[in-house]
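Shown below: my_file-v8.txt, with compact mmCIF, C-alpha atoms.
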```
# COMPACT_ATOMS: atom_id res chain seq x y z
CA MET U 1 104.22 89.21 -49.59
CA HIS U 2 101.01 90.04 -51.40
CA PRO U 3 97.77 89.96 -49.39
CA SER U 4 95.45 87.01 -49.91
CA SER U 5 91.94 87.39 -51.30
CA GLU U 6 90.62 86.83 -47.77
CA ASP U 7 92.82 89.64 -46.45
CA ILE U 8 91.55 91.97 -49.16
CA LYS U 9 87.96 90.97 -48.50
CA GLU U 10 88.36 91.56 -44.77
CA GLU U 11 89.85 94.96 -45.41
CA GLN U 12 87.03 95.86 -47.78
CA ILE U 13 84.48 95.03 -45.11
CA HIS U 14 86.40 96.91 -42.44
CA PHE U 15 86.75 100.04 -44.57
CA ALA U 16 83.02 100.02 -45.34
CA ASN U 17 82.27 99.63 -41.64
CA VAL U 18 84.47 102.62 -40.80
CA ILE U 19 82.59 104.74 -43.35
CA THR U 20 79.33 103.56 -41.81
CA THR U 21 80.58 104.60 -38.37
CA PHE U 22 81.32 108.13 -39.60
CA ARG U 23 77.87 108.39 -41.14
CA ASN U 24 76.08 107.05 -38.05
CA TYR U 25 77.78 109.49 -35.69
CA ALA U 26 74.80 111.88 -35.47
CA GLN U 27 72.22 109.17 -34.83
CA HIS U 28 74.35 107.47 -32.19
CA SER U 29 75.39 110.67 -30.38
CA LEU U 30 71.96 112.30 -30.46
CA ALA U 31 70.46 109.11 -29.02
CA ALA U 32 72.90 109.28 -26.09
CA ASN U 33 71.94 112.90 -25.47
CA ASN U 34 68.24 112.07 -25.74
CA ARG U 35 68.72 109.50 -23.00
CA ARG U 36 69.57 112.41 -20.71
CA ARG U 37 66.29 114.11 -21.65
CA LYS U 38 64.29 110.98 -20.90
CA ASP U 39 66.00 110.66 -17.54
CA ILE U 40 64.74 114.11 -16.53
CA TYR U 41 61.16 112.90 -16.74
CA LYS U 42 61.88 110.00 -14.42
CA LEU U 43 62.41 112.51 -11.63
CA PRO U 44 59.78 114.10 -9.38
CA LYS U 45 58.15 117.19 -10.93
CA ALA U 46 59.73 119.46 -8.33
CA ASP U 47 63.18 118.22 -9.26
CA GLN U 48 62.43 118.69 -12.95
CA ASP U 49 61.50 122.30 -12.27
CA ILE U 50 64.76 122.89 -10.40
CA LEU U 51 66.79 121.49 -13.31
CA ASP U 52 64.82 123.72 -15.65
CA THR U 53 65.82 126.80 -13.67
CA LEU U 54 69.46 125.69 -13.89
CA GLY U 55 69.25 125.64 -17.68
CA TYR U 56 69.94 121.90 -17.95
CA LYS U 57 67.46 121.34 -20.78
CA LYS U 58 68.92 124.26 -22.68
CA LYS U 59 72.38 122.74 -22.31
CA LEU U 60 71.07 119.52 -23.83
CA ASP U 61 69.75 121.51 -26.80
CA GLU U 62 73.14 123.16 -27.21
CA ALA U 63 74.79 119.76 -27.10
CA ASP U 64 72.51 118.60 -29.93
CA LYS U 65 73.62 121.53 -32.06
CA ALA U 66 77.27 120.76 -31.37
CA ILE U 67 76.75 117.10 -32.28
CA LEU U 68 75.12 118.08 -35.57
CA ALA U 69 78.03 120.41 -36.35
CA ASN U 70 80.43 117.53 -35.73
CA ALA U 71 78.31 115.29 -37.95
CA ASP U 72 78.50 117.79 -40.82
CA PHE U 73 82.28 117.88 -40.47
CA LEU U 74 82.62 114.09 -40.35
CA GLU U 75 80.39 113.73 -43.39
CA MET U 76 82.74 115.99 -45.35
CA ILE U 77 85.62 113.65 -44.50
CA VAL U 78 83.87 110.62 -46.02
CA GLU U 79 81.73 112.21 -48.73
CA SER U 80 84.10 110.84 -51.41
CA PRO U 81 85.82 107.81 -49.82
CA GLU U 82 87.22 106.64 -53.16
CA ILE U 83 89.76 109.50 -53.12
CA PHE U 84 91.30 107.79 -50.13
CA GLY U 85 92.69 105.36 -52.65
CA HIS U 86 89.84 102.84 -52.65
CA ALA U 87 87.48 102.76 -55.61
CA MET U 88 83.97 101.99 -54.40
CA ASP U 89 82.17 99.47 -56.59
CA GLU U 90 78.68 100.56 -57.51
CA ASP U 91 77.18 97.11 -58.02
CA VAL U 92 77.69 95.69 -54.54
CA GLU U 93 75.51 95.42 -51.49
CA GLN U 94 74.69 98.76 -49.86
CA VAL U 95 75.19 99.26 -46.14
CA ASP U 96 73.23 102.21 -44.80
CA GLY U 97 73.46 103.87 -48.20
CA GLU U 98 77.08 103.14 -48.98
CA SER U 99 78.89 100.38 -50.85
CA ASN U 100 80.94 97.69 -49.18
CA ALA U 101 83.58 96.76 -51.71
CA ILE U 102 86.79 98.69 -51.99
CA LYS U 103 89.40 98.12 -54.66
CA ARG U 104 93.00 98.26 -53.60
CA SER U 105 94.87 101.09 -55.31
CA SER U 106 97.13 104.01 -54.54
CA HIS U 107 96.57 107.74 -54.59
CA ASP U 108 99.28 110.32 -55.12
CA ASN U 109 98.39 113.97 -54.84
CA GLY U 110 99.68 115.68 -57.97
CA GLY U 111 101.23 119.10 -58.14
CA GLY U 112 103.07 121.08 -55.50
CA PRO U 113 104.60 119.41 -52.46
CA SER U 114 104.13 115.66 -52.21
CA ARG U 115 101.34 114.83 -49.74
CA SER U 116 100.56 111.36 -51.02
CA HIS U 117 98.60 108.58 -49.36
CA SER U 118 100.24 105.45 -50.71
CA HIS U 119 98.21 102.43 -49.70
CA SER U 120 99.90 99.15 -48.92
CA HIS U 121 97.45 97.68 -46.44
CA GLY U 122 97.90 94.53 -44.49
CA SER U 123 95.14 92.43 -43.07
CA GLY U 124 94.83 94.03 -39.65
CA HIS U 125 92.72 97.00 -38.69
CA GLY U 126 93.67 98.25 -35.28
CA GLY U 127 94.37 101.92 -34.66
CA HIS U 128 97.09 103.84 -32.90
CA GLY U 129 95.04 106.54 -31.24
CA HIS U 130 95.16 105.00 -27.79
CA SER U 131 92.45 102.55 -28.74
CA HIS U 132 93.94 99.30 -30.01
CA SER U 133 91.34 96.63 -30.22
CA HIS U 134 90.17 94.89 -33.35
CA SER U 135 86.51 94.78 -34.21
CA HIS U 136 85.53 93.16 -37.49
CA SER U 137 82.26 92.20 -39.04
CA GLY U 138 81.86 88.63 -40.15
CA ALA U 139 79.60 89.73 -43.00
CA HIS U 140 79.81 88.34 -46.51
CA GLU U 141 79.35 89.67 -50.02
CA SER U 142 75.92 89.50 -51.54
CA HIS U 143 75.97 89.15 -55.32
CA HIS U 144 76.28 86.27 -57.76
CA GLY U 145 74.82 83.70 -55.41
CA ARG U 146 76.76 84.73 -52.33
CA SER U 147 75.00 85.19 -49.02
CA PRO U 148 73.74 88.76 -48.42
CA ARG U 149 75.72 91.03 -46.20
CA ARG U 150 73.93 92.26 -43.10
CA LYS U 151 73.81 95.96 -42.45
CA TYR U 152 76.57 96.97 -40.09
CA LYS U 153 75.59 98.66 -36.85
CA PRO U 154 78.54 100.59 -35.36
CA THR U 155 79.42 99.59 -31.82
CA GLU U 156 80.29 101.84 -28.90
CA PHE U 157 83.90 100.82 -29.52
CA ASP U 158 83.65 102.10 -33.10
CA MET U 159 82.19 105.39 -31.91
CA ASP U 160 84.92 105.74 -29.31
CA LYS U 161 87.49 105.55 -32.10
CA LEU U 162 85.62 108.27 -33.96
CA ARG U 163 85.42 110.49 -30.87
CA SER U 164 89.16 109.94 -30.36
CA THR U 165 89.74 111.08 -33.93
CA LEU U 166 87.95 114.37 -33.20
CA LYS U 167 90.19 114.89 -30.18
CA GLN U 168 93.23 114.08 -32.31
CA PHE U 169 92.31 117.02 -34.52
CA VAL U 170 92.70 119.21 -31.44
CA ARG U 171 96.12 117.79 -30.60
CA ASP U 172 97.52 117.97 -34.12
CA TRP U 173 95.79 120.80 -35.95
CA SER U 174 94.45 123.41 -33.52
CA GLU U 175 95.88 126.32 -31.58
CA GLU U 176 94.50 124.73 -28.39
CA GLY U 177 96.62 121.65 -29.05
CA LYS U 178 99.86 123.62 -29.24
CA PRO U 179 100.86 123.07 -25.57
CA GLU U 180 100.72 119.28 -26.07
CA ARG U 181 102.59 119.54 -29.34
CA ASP U 182 105.24 121.73 -27.73
CA LEU U 183 105.75 119.14 -24.99
CA CYS U 184 105.93 116.17 -27.35
CA TYR U 185 106.91 117.21 -30.84
CA THR U 186 109.32 120.06 -30.10
CA PRO U 187 111.88 117.95 -28.16
CA MET U 188 111.81 115.37 -30.94
CA LYS U 189 112.34 117.95 -33.67
CA ASP U 190 115.10 119.61 -31.67
CA ALA U 191 116.87 116.27 -31.22
CA LEU U 192 116.57 115.58 -34.96
CA ILE U 193 118.09 118.95 -35.86
CA SER U 194 120.82 118.49 -33.25
CA HIS U 195 121.78 115.05 -34.57
CA PHE U 196 122.20 116.44 -38.08
CA ALA U 197 123.66 119.78 -37.01
CA ASP U 198 126.50 119.38 -39.51
CA VAL U 199 124.03 119.22 -42.42
CA PRO U 200 123.12 122.65 -43.82
CA ALA U 201 119.38 123.38 -43.77
CA GLU U 202 119.27 123.53 -47.57
CA GLU U 203 120.61 119.95 -47.75
CA ARG U 204 118.15 118.37 -45.28
CA SER U 205 116.02 117.16 -48.18
CA LYS U 206 118.65 114.44 -48.71
CA LEU U 207 117.85 113.02 -45.27
CA ARG U 208 114.94 110.57 -45.03
CA VAL U 209 112.86 110.60 -41.83
CA LEU U 210 110.20 107.98 -40.99
CA VAL U 211 107.37 108.62 -38.51
CA PRO U 212 105.44 105.40 -37.69
CA GLY U 213 102.09 105.85 -35.97
CA ALA U 214 101.72 109.26 -37.60
CA GLY U 215 98.10 109.79 -36.54
CA LEU U 216 96.79 112.89 -38.28
CA GLY U 217 100.23 113.73 -39.60
CA ARG U 218 101.26 116.90 -37.79
CA LEU U 219 104.65 115.69 -36.53
CA ALA U 220 105.53 114.36 -39.99
CA TYR U 221 104.31 117.61 -41.55
CA ASP U 222 106.41 119.69 -39.16
CA ILE U 223 109.49 117.63 -39.99
CA ALA U 224 108.89 118.15 -43.72
CA LEU U 225 108.49 121.86 -42.99
CA LEU U 226 112.01 121.79 -41.52
CA GLY U 227 113.26 120.63 -44.89
CA PHE U 228 113.67 116.88 -44.30
CA ALA U 229 112.21 114.26 -46.60
CA CYS U 230 109.55 112.80 -44.32
CA GLN U 231 107.19 109.87 -44.56
CA GLY U 232 104.49 109.06 -42.02
CA ASN U 233 102.99 105.61 -41.57
CA GLU U 234 99.54 105.02 -40.12
CA PHE U 235 97.38 101.94 -39.59
CA SER U 236 93.96 103.24 -38.52
CA HIS U 237 91.41 103.98 -41.24
CA TYR U 238 89.87 106.58 -38.94
CA MET U 239 93.15 108.46 -38.79
CA LEU U 240 93.92 107.94 -42.48
CA LEU U 241 90.60 109.32 -43.67
CA ALA U 242 90.89 112.29 -41.32
CA SER U 243 94.52 113.02 -42.18
CA TYR U 244 93.78 112.86 -45.90
CA PHE U 245 91.05 115.44 -45.41
CA VAL U 246 93.11 117.91 -43.42
CA LEU U 247 96.25 117.54 -45.56
CA ASN U 248 94.69 117.50 -49.00
CA ARG U 249 91.30 119.18 -48.82
CA THR U 250 91.86 122.15 -46.53
CA GLU U 251 92.19 125.53 -48.20
CA GLU U 252 91.86 127.98 -45.32
CA ILE U 253 93.21 128.37 -41.79
CA ASN U 254 90.57 127.76 -39.09
CA LYS U 255 88.01 126.84 -41.73
CA TYR U 256 86.29 124.13 -39.69
CA THR U 257 84.72 124.22 -36.24
CA ILE U 258 84.27 121.08 -34.16
CA TYR U 259 83.10 120.28 -30.63
CA PRO U 260 85.26 117.33 -29.53
CA TYR U 261 84.29 117.39 -25.84
CA VAL U 262 80.50 117.33 -26.18
CA HIS U 263 80.19 113.59 -25.69
CA SER U 264 80.70 113.48 -21.93
CA PHE U 265 79.05 115.64 -19.27
CA SER U 266 81.37 114.35 -16.54
CA ASN U 267 84.07 116.46 -14.86
CA SER U 268 82.95 119.70 -16.49
CA PRO U 269 83.51 122.75 -14.29
CA ASN U 270 81.03 124.66 -16.43
CA LYS U 271 79.07 124.41 -19.65
CA HIS U 272 81.80 125.99 -21.73
CA ALA U 273 84.30 123.26 -20.82
CA MET U 274 82.31 120.65 -22.76
CA LEU U 275 80.78 122.88 -25.42
CA HIS U 276 83.65 125.16 -26.38
CA PRO U 277 84.41 125.12 -30.11
CA ILE U 278 87.77 124.20 -31.62
CA THR U 279 88.76 125.63 -34.99
CA ILE U 280 91.08 123.77 -37.35
CA PRO U 281 93.58 123.84 -38.91
CA ASP U 282 95.86 126.35 -37.22
CA VAL U 283 98.19 126.25 -40.24
CA LEU U 284 97.60 125.60 -43.92
CA PRO U 285 99.08 122.19 -44.79
CA SER U 286 99.45 123.16 -48.44
CA ASP U 287 101.91 125.88 -47.44
CA LEU U 288 104.84 123.46 -47.54
CA PRO U 289 107.56 124.94 -49.75
CA ALA U 290 107.63 123.80 -53.37
CA GLY U 291 109.66 120.63 -53.74
CA SER U 292 108.98 119.41 -50.21
CA ASP U 293 109.02 115.63 -49.86
CA PHE U 294 106.16 114.62 -47.55
CA SER U 295 104.08 111.45 -47.79
CA LEU U 296 101.91 109.11 -45.77
CA VAL U 297 101.94 105.35 -46.28
CA ALA U 298 98.96 103.37 -45.00
CA GLY U 299 99.32 99.94 -43.47
CA ASP U 300 100.72 97.84 -40.66
CA PHE U 301 104.21 99.00 -39.65
CA GLU U 302 105.64 95.49 -39.44
CA GLU U 303 104.21 94.42 -42.77
CA ILE U 304 105.14 97.61 -44.64
CA TYR U 305 108.67 98.06 -43.30
CA GLY U 306 109.55 94.62 -41.99
CA GLY U 307 109.74 92.72 -45.24
CA GLU U 308 111.32 93.06 -48.63
CA THR U 309 109.84 95.84 -50.76
CA ASP U 310 109.89 96.84 -54.39
CA PRO U 311 112.62 99.50 -54.84
CA ASP U 312 110.02 101.67 -56.57
CA GLU U 313 107.77 101.70 -53.51
CA PRO U 314 107.93 104.91 -51.43
CA GLN U 315 108.64 102.98 -48.22
CA SER U 316 111.64 101.11 -49.60
CA GLY U 317 115.26 101.80 -48.75
CA LEU U 318 117.02 102.99 -45.62
CA TRP U 319 116.12 105.92 -43.39
CA ASN U 320 118.38 108.43 -41.69
CA ALA U 321 116.01 108.85 -38.75
CA VAL U 322 112.96 107.18 -37.25
CA LEU U 323 110.79 109.19 -34.83
CA THR U 324 108.30 107.30 -32.66
CA CYS U 325 105.86 109.36 -30.61
CA PHE U 326 103.42 107.40 -28.42
CA PHE U 327 104.03 104.46 -30.75
CA ILE U 328 106.22 101.63 -29.48
CA ASP U 329 103.59 100.46 -26.97
CA THR U 330 101.31 99.57 -29.91
CA ALA U 331 103.52 96.53 -30.53
CA LYS U 332 102.37 92.99 -30.07
CA ASN U 333 106.02 91.94 -30.22
CA ILE U 334 108.27 94.84 -29.17
CA VAL U 335 111.34 92.78 -30.11
CA ASN U 336 110.28 92.83 -33.76
CA TYR U 337 109.40 96.55 -33.64
CA LEU U 338 112.89 97.49 -32.48
CA ARG U 339 114.50 95.02 -34.86
CA ILE U 340 112.69 96.64 -37.80
CA ILE U 341 113.60 100.17 -36.68
CA HIS U 342 117.24 99.16 -36.42
CA LYS U 343 117.19 97.37 -39.78
CA LYS U 344 115.59 100.29 -41.61
CA LEU U 345 118.05 102.87 -40.27
CA ALA U 346 121.09 103.74 -42.34
CA PRO U 347 124.49 103.35 -40.62
CA GLY U 348 124.76 106.06 -37.97
CA GLY U 349 121.03 106.70 -38.22
CA VAL U 350 119.08 107.96 -35.21
CA TRP U 351 115.93 106.70 -33.48
CA ILE U 352 114.19 109.37 -31.40
CA ASN U 353 111.47 108.12 -29.06
CA LEU U 354 108.89 109.71 -26.78
CA GLY U 355 106.03 107.96 -25.07
CA PRO U 356 104.69 105.78 -22.26
CA LEU U 357 104.34 102.02 -22.15
CA LEU U 358 100.58 101.60 -22.33
CA TRP U 359 100.75 98.20 -23.96
CA HIS U 360 97.77 98.23 -26.26
CA PHE U 361 97.28 94.50 -26.60
CA GLU U 362 97.56 93.74 -22.89
CA ASN U 363 94.58 91.65 -21.80
CA ASN U 364 93.14 91.70 -25.32
CA ASN U 365 90.17 89.50 -26.20
CA THR U 366 91.30 88.73 -29.75
CA ASN U 367 93.96 86.13 -28.90
CA ASP U 368 96.70 88.40 -30.19
CA PRO U 369 100.12 87.89 -28.60
CA SER U 370 101.36 90.68 -26.35
CA VAL U 371 104.86 91.18 -24.93
CA GLU U 372 104.75 93.77 -22.14
CA LEU U 373 108.19 94.92 -21.01
CA ASP U 374 108.95 97.54 -18.40
CA LEU U 375 111.00 100.60 -19.31
CA GLU U 376 114.34 99.21 -18.20
CA GLU U 377 113.70 96.05 -20.19
CA VAL U 378 112.81 98.08 -23.30
CA LYS U 379 116.06 100.04 -23.06
CA ALA U 380 118.06 96.86 -22.48
CA LEU U 381 116.37 95.35 -25.52
CA ALA U 382 117.25 98.42 -27.60
CA ARG U 383 120.91 98.09 -26.61
CA SER U 384 120.92 94.37 -27.44
CA VAL U 385 119.41 95.08 -30.87
CA GLY U 386 122.22 97.52 -31.61
CA PHE U 387 121.35 100.99 -30.30
CA GLU U 388 123.40 103.35 -28.20
CA ILE U 389 120.95 105.34 -26.06
CA SER U 390 121.62 108.90 -24.90
CA ASN U 391 119.81 112.12 -23.99
CA GLU U 392 117.39 110.25 -21.73
CA ARG U 393 114.79 112.14 -19.73
CA THR U 394 111.17 112.02 -18.60
CA ILE U 395 108.62 114.44 -20.03
CA ASP U 396 105.31 114.94 -18.26
CA THR U 397 102.59 115.32 -20.87
CA THR U 398 98.91 114.82 -21.54
CA TYR U 399 97.44 113.17 -24.63
CA THR U 400 94.35 114.62 -26.37
CA SER U 401 93.35 116.10 -23.04
CA ASN U 402 90.60 118.68 -22.49
CA SER U 403 92.54 121.42 -20.73
CA GLN U 404 89.32 122.72 -19.14
CA SER U 405 88.23 119.41 -17.64
CA MET U 406 88.29 118.65 -13.90
CA LEU U 407 90.08 115.39 -14.75
CA GLY U 408 93.32 114.93 -16.62
CA TYR U 409 95.80 112.09 -17.09
CA VAL U 410 99.48 112.95 -17.18
CA TYR U 411 101.94 110.52 -18.76
CA LYS U 412 105.49 110.40 -17.49
CA ALA U 413 106.70 109.80 -21.03
CA SER U 414 110.17 108.48 -21.63
CA PHE U 415 112.34 110.38 -24.11
CA TRP U 416 115.62 109.25 -25.64
CA THR U 417 117.87 109.48 -28.64
CA ALA U 418 119.35 106.19 -29.88
CA VAL U 419 122.03 105.86 -32.55
CA LYS U 420 122.42 102.74 -34.66
CA VAL U 421 125.81 101.17 -33.92
```

Write the structure described by the file as structure tokens, please.
Amino acid sequence: MHPSSEDIKEEQIHFANVITTFRNYAQHSLAANNRRRKDIYKLPKADQDILDTLGYKKKLDEADKAILANADFLEMIVESPEIFGHAMDEDVEQVDGESNAIKRSSHDNGGGPSRSHSHSHGSGHGGHGHSHSHSHSGAHESHHGRSPRRKYKPTEFDMDKLRSTLKQFVRDWSEEGKPERDLCYTPMKDALISHFADVPAEERSKLRVLVPGAGLGRLAYDIALLGFACQGNEFSHYMLLASYFVLNRTEEINKYTIYPYVHSFSNSPNKHAMLHPITIPDVLPSDLPAGSDFSLVAGDFEEIYGGETDPDEPQSGLWNAVLTCFFIDTAKNIVNYLRIIHKKLAPGGVWINLGPLLWHFENNNTNDPSVELDLEEVKALARSVGFEISNERTIDTTYTSNSQSMLGYVYKASFWTAVKV
């Protein structure tokens, strides 16, 4: 089903608002840090002097520098948004110096291994990075007699998505994120290799693997590196812009330095815990062997994979494996998620899952439906859909956690392998 003009218009506005959020990061974050400075002067002079001896003001200055370094990095991600696959019209209303209208098109990286971003967007705009609310502007286009579009001011919710994206870089593309990746991605990759143990490594390219909720693409990349034909699917424009940058515009290991933990002063055992730099990427994405089949398809999982598709589209056809990592709890209707996974698997295909059940639309304020099953109900549902579950276990893991913080959340993530029967 082709999107309506209203769907396209809504997506155009949303994409422009995401770009605006990236470009307002410095202003928003520096203002939050400046609030801390102003608060110092609300204290008695004696207390101000004590804080001065502790180096608190100096720490605020260092935080400013870290924020500006992050801002430079984020600006590089969106300096040419049209390469994301959206052509930016030049004759439309400007929002904080950027255009609002985006044409729908597709981008395929030419030459070498396939690292394409094929765009088949639906009308929704939520993200998968543990932040699943929908925030849209009701603005309108401005030319040819239409009402002018108001400048978009990013909300705290928008900025939280952007801060989460910075932390996702740590999880997926830094040496510091390796412990989390080892806990989450390694068991999934091992299960994939085990399921297809009878297939020689040189013939894995004939096996198609789908990774919904791919985030910044590291799990999908690692699977392609193992020789499988792998396609990631992602919904969030924040993640898609960032993944395009790291996968297609990175030419050197550890080329970029970011400070993902500078935004909160809470639960820091010392200054270094919040100000320590993270270098990315820890590997060079372009080092995939020649002939590797690796792609990312943008859009809503249910809309992209749940309906009939053109046979020429990269997401069409059946898959030998589907790997879901911290993904199934993004469903509004988990029944449909599992039905689609089962339908898209080839006979004897395998679904490998790892994650919690943090239902992202629970108690939402957007009137979206939300079905919130417990773990036993999810597994019973999977069996009723047509899966045979095995290799079940619980894996304790963090998610985009600052390993140096005084506070950390540990998920008791459920892992299983399920074969289509």

Q: Starting from the point (115.1, 102.1, -42.5), work out which residues of protein, DNA or RNA have an atom no more than 6 Å away when counting all atoms listed in the file; state them as an MDAnalysis selection string.
A: chainID U and resid 318:319 343:345

Q: Have a look at CA of Arg36 (chain U) and CA of Ser266 (chain U) and let me know their distance in Å, one decimal.
A: 12.7 Å

Q | Distance query region 179-186 of chain U at most 8 Å, only C-alpha atoms, self and fewer than 4 positions along chain excluded, as a PyMOL selection string | A | chain U and resi 171-172+190+219+325+354+395-400

Per residue of region 197-227 of chain U within 12 Å of region 280-285 of chain U, record the nearest atom pair and its distance in Å to one decimal, counting all atoms listed in the file, with rows in chain order and ascending residue number, as a tab-separated table.
```
residue	atom	partner	partner_atom	distance
U:Leu216	CA	U:Pro281	CA	11.4
U:Gly217	CA	U:Pro285	CA	10.0
U:Arg218	CA	U:Pro285	CA	9.0
U:Leu219	CA	U:Pro285	CA	11.9
U:Ala220	CA	U:Pro285	CA	11.2
U:Tyr221	CA	U:Pro285	CA	7.7
U:Asp222	CA	U:Pro285	CA	9.6
U:Ala224	CA	U:Pro285	CA	10.7
U:Leu225	CA	U:Pro285	CA	9.6
```

Q) For Glu62 (chain U), which residue out of U:Lys255, U:Arg23, U:His276, U:Lys379 is the nearest one, using all atoms listed in the file? A)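 Closest to Glu62 (chain U), using all atoms listed in the file: U:His276.
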
Q: For CA of Asn391 (chain U) and CA of Ile193 (chain U), determine how far apart the two atoms are, in Å to one decimal place.
A: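 Value for the CA of Asn391 (chain U)-CA of Ile193 (chain U) distance: 13.8 Å.
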
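Between CA of Lys420 (chain U) and CA of Leu373 (chain U) lies a distance of 21.2 Å.
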
Spatial neighbours of Ala26 (chain U), 12 Å, all atoms listed in the file, chain gap at least 3 places, as a PDB file with C-alpha atoms, keeping the file's coordinate frame:
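Wrote result32.pdb, looks like this:
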```
ATOM      1  CA  THR U  20      79.330 103.560 -41.810  1.00  0.00           C
ATOM      2  CA  THR U  21      80.580 104.600 -38.370  1.00  0.00           C
ATOM      3  CA  PHE U  22      81.320 108.130 -39.600  1.00  0.00           C
ATOM      4  CA  ARG U  23      77.870 108.390 -41.140  1.00  0.00           C
ATOM      5  CA  SER U  29      75.390 110.670 -30.380  1.00  0.00           C
ATOM      6  CA  LEU U  30      71.960 112.300 -30.460  1.00  0.00           C
ATOM      7  CA  ALA U  31      70.460 109.110 -29.020  1.00  0.00           C
ATOM      8  CA  ALA U  32      72.900 109.280 -26.090  1.00  0.00           C
ATOM      9  CA  ASN U  33      71.940 112.900 -25.470  1.00  0.00           C
ATOM     10  CA  ASN U  34      68.240 112.070 -25.740  1.00  0.00           C
ATOM     11  CA  ALA U  63      74.790 119.760 -27.100  1.00  0.00           C
ATOM     12  CA  ASP U  64      72.510 118.600 -29.930  1.00  0.00           C
ATOM     13  CA  LYS U  65      73.620 121.530 -32.060  1.00  0.00           C
ATOM     14  CA  ALA U  66      77.270 120.760 -31.370  1.00  0.00           C
ATOM     15  CA  ILE U  67      76.750 117.100 -32.280  1.00  0.00           C
ATOM     16  CA  LEU U  68      75.120 118.080 -35.570  1.00  0.00           C
ATOM     17  CA  ALA U  69      78.030 120.410 -36.350  1.00  0.00           C
ATOM     18  CA  ASN U  70      80.430 117.530 -35.730  1.00  0.00           C
ATOM     19  CA  ALA U  71      78.310 115.290 -37.950  1.00  0.00           C
ATOM     20  CA  ASP U  72      78.500 117.790 -40.820  1.00  0.00           C
ATOM     21  CA  PHE U  73      82.280 117.880 -40.470  1.00  0.00           C
ATOM     22  CA  LEU U  74      82.620 114.090 -40.350  1.00  0.00           C
ATOM     23  CA  GLU U  75      80.390 113.730 -43.390  1.00  0.00           C
ATOM     24  CA  PRO U 154      78.540 100.590 -35.360  1.00  0.00           C
ATOM     25  CA  MET U 159      82.190 105.390 -31.910  1.00  0.00           C
ATOM     26  CA  LEU U 162      85.620 108.270 -33.960  1.00  0.00           C
ATOM     27  CA  ARG U 163      85.420 110.490 -30.870  1.00  0.00           C
ATOM     28  CA  HIS U 263      80.190 113.590 -25.690  1.00  0.00           C
TER      29      HIS U 263
END
```

Around all the atoms of region 331-342 of chain U listed in the file, with 4 Å of room on each side, what axis-aligned box do you get, giving centre and edge lengths in Å to one decimal, as lines of an AutoDock Vina configuration file?
```
center_x = 109.8
center_y = 96.1
center_z = -33.5
size_x = 22.9
size_y = 16.2
size_z = 16.6
```

**Q.** Residue contacts of region 408-417 of chain U (10 Å, all atoms listed in the file) excluding same-chain residues fewer than 3 positions away, as a PyMOL selection string
**A.** chain U and resi 184+187-188+191-192+195+267+323-326+350-358+375+379+387-405

Distance table requested - region 11-92 of chain U against region 230-237 of chain U, cut-off 9 Å, only C-alpha atoms: one row per qualifying residue with the closest atom pair and its distance in Å to one decimal, ordered by chain and rising residue number, as a tab-separated table.
```
residue	atom	partner	partner_atom	distance
U:His14	CA	U:His237	CA	8.7
U:Phe15	CA	U:His237	CA	7.0
U:Val18	CA	U:His237	CA	7.1
```

**Q.** Minimum-distance residue to Thr257 (chain U), chosen among U:Gln48, U:Asn270, U:Pro347, U:Phe169 (using only C-alpha atoms)
**A.**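 Of U:Gln48, U:Asn270, U:Pro347, U:Phe169, the one nearest Thr257 (chain U), counting only C-alpha atoms, is U:Phe169.
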
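Nearest to Glu156 (chain U) of all the residues U:Gln168, U:Asn364, U:Ser370, U:Asn24 is U:Asn24, counting all atoms listed in the file.
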
Q) Between U:Ala16, U:Ile8, U:Leu296, U:Ile328, which one has atoms that come closest to Gly215 (chain U), using only C-alpha atoms? A)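 Checking each candidate against Gly215 (chain U), we get U:Leu296 as the closest.
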
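For the residues U:Ser316, U:Ser286, U:Thr165, U:Asn367, ranking by smallest atom-to-atom distance to Leu240 (chain U) using only C-alpha atoms places U:Thr165 first.
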
Q. Which is closer to Asn254 (chain U) than all the others in U:Val322, U:Glu302, U:Leu210, U:Glu175, using all atoms listed in the file?
A.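 Checking each candidate against Asn254 (chain U), we get U:Glu175 as the closest.
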